[in-house]
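Have a look at the structure below before the remarks.
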Amino acid sequence: MRGRAGWWVALLILVGCSRARTERASAATSGAPAPNVVAGPRGVNGSITISGALDGTFTWKPDLALDQCACPARGGGVLQVTMSDGAETFIAMRATVAGELRILSAKLGGDALSGKGPAGTCRTGSAGDDRAALDLPIDGLLKGTTGKTARVKGHLNVLCP
């Protein structure tokens, strides 16, 4: 009897392990990203609206610069990007997950608008994976060195290249 009971226990363990392995393999091939994996097309999604010293709604397109997009292991995610209003106004924007924001444009006459808004978030892929994603809520009053001001509002989701 003891030999038969041991055999049944071994069979149950084998079946249980086999099911767990099959479920893990199924999850890995289901097409759904595993937790903490950044997936999707690279680039900047969303828009920001500026009013004041500069007016317009600005977005990023793949033919514009995406100079810096990083989510370092020790924090401090940063985005440096060129955006356009779709007409002839371009801005160079630097935003951090700490909420710091700086905007330059030829239409500002050499002045830079700077300010601080809400903090964003930074995510990276799994260990050894350098893909990063930034979630940047943009909302604040920006001030220039010559007294110019502008209100900026929007939201950017960024998948770093």
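FYI, nothing fancy with the structure tokens labels: chains A, B, ... in order, residues from 1 per chain, ligands from 1 as they appear.
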
* Asked: Which neighbours of Gln68 of chain A fall inside 12 Å, counting only C-alpha atoms, when residues of the same chain fewer than 3 positions from it are skipped, and could you give them as an MDAnalysis selection string?
  -> chainID A and resid 43:44 65 71:72 77:82 92:96 132 134 158:161

* To do: Pick out the residues sitting within 7 Å of Thr49 of chain A, and hand them over as a list in words; count only C-alpha atoms, and ignore anything fewer than 5 positions along from it in its own chain.
  =>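 Residues near the query, excluding close chain neighbours: Gly56, Thr57, Phe58, Val152, Lys153 and Gly154 of chain A.
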
* atom CA of Asn45 of chain A to atom CA of Lys107 of chain A, straight-line distance in Å ->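 If I compute the distance from atom CA of Lys107 of chain A to atom CA of Asn45 of chain A, I get 23.8 Å.
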
* 7 Å contact set for Thr59 of chain A, only C-alpha atoms, chain neighbours under 5 positions out, as a list in words -> Gly46, Ser47, Ile48, Met83, Ser84 and Asp85 of chain A

* Asked: Any idea what's packed within 9 Å of Gly117 of chain A, counting only C-alpha atoms, ignoring anything in its chain fewer than 2 positions away? Could you give it as number ranges by chain?
  -> A: 98-101, 115, 119, 137-141

Using N, CA and C atoms, can you write the selected residues to a file as an mmCIF file, in the first residue's frame?
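Listed below is the output, selection_8.cif:
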data_model
loop_
_atom_site.group_PDB
_atom_site.id
_atom_site.type_symbol
_atom_site.label_atom_id
_atom_site.label_comp_id
_atom_site.auth_asym_id
_atom_site.auth_seq_id
_atom_site.Cartn_x
_atom_site.Cartn_y
_atom_site.Cartn_z
ATOM 1 N N ALA A 98 10.351 65.269 -12.272
ATOM 2 C CA ALA A 98 10.254 66.085 -11.060
ATOM 3 C C ALA A 98 9.320 67.281 -11.273
ATOM 4 N N GLY A 99 8.874 67.503 -12.528
ATOM 5 C CA GLY A 99 7.942 68.581 -12.823
ATOM 6 C C GLY A 99 8.582 69.827 -13.405
ATOM 7 N N GLU A 100 9.900 69.819 -13.582
ATOM 8 C CA GLU A 100 10.585 70.982 -14.157
ATOM 9 C C GLU A 100 10.294 71.058 -15.652
ATOM 10 N N LEU A 101 10.063 72.273 -16.141
ATOM 11 C CA LEU A 101 9.716 72.465 -17.542
ATOM 12 C C LEU A 101 10.415 73.708 -18.083
ATOM 13 N N GLY A 115 9.476 76.843 -15.536
ATOM 14 C CA GLY A 115 8.582 76.730 -14.396
ATOM 15 C C GLY A 115 8.542 75.310 -13.877
ATOM 16 N N ALA A 119 4.571 66.409 -10.666
ATOM 17 C CA ALA A 119 5.560 65.361 -10.925
ATOM 18 C C ALA A 119 4.972 64.302 -11.852
ATOM 19 N N PRO A 137 2.500 64.717 -16.703
ATOM 20 C CA PRO A 137 1.419 65.704 -16.669
ATOM 21 C C PRO A 137 2.055 67.098 -16.740
ATOM 22 N N ILE A 138 1.543 67.938 -17.608
ATOM 23 C CA ILE A 138 2.109 69.274 -17.806
ATOM 24 C C ILE A 138 1.047 70.290 -17.387
ATOM 25 N N ASP A 139 1.352 71.096 -16.383
ATOM 26 C CA ASP A 139 0.392 72.090 -15.913
ATOM 27 C C ASP A 139 1.143 73.111 -15.062
ATOM 28 N N GLY A 140 1.238 74.331 -15.546
ATOM 29 C CA GLY A 140 1.923 75.336 -14.745
ATOM 30 C C GLY A 140 2.046 76.671 -15.435
ATOM 31 N N LEU A 141 2.549 77.619 -14.695
ATOM 32 C CA LEU A 141 2.831 78.959 -15.203
ATOM 33 C C LEU A 141 4.330 79.046 -15.457
#

* **Which of A:Leu156, A:Asp135, A:Asp67, A:Thr89 sits closest to Leu54 of chain A [using only C-alpha atoms]** =>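 When distances to Leu54 of chain A are compared using only C-alpha atoms, the smallest one comes from A:Thr89.
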
* **Gap from atom CA of Ser114 of chain A to atom CA of Gly76 of chain A - Å, one decimal** =>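 Rounded to one decimal, the two atoms are 17.5 Å apart.
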
* Enter the distance from atom CA of Gly110 of chain A to atom CA of Cys69 of chain A, in Å, rounded to one decimal. =>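 Computed distance, atom CA of Gly110 of chain A to atom CA of Cys69 of chain A, equals 24.3 Å.
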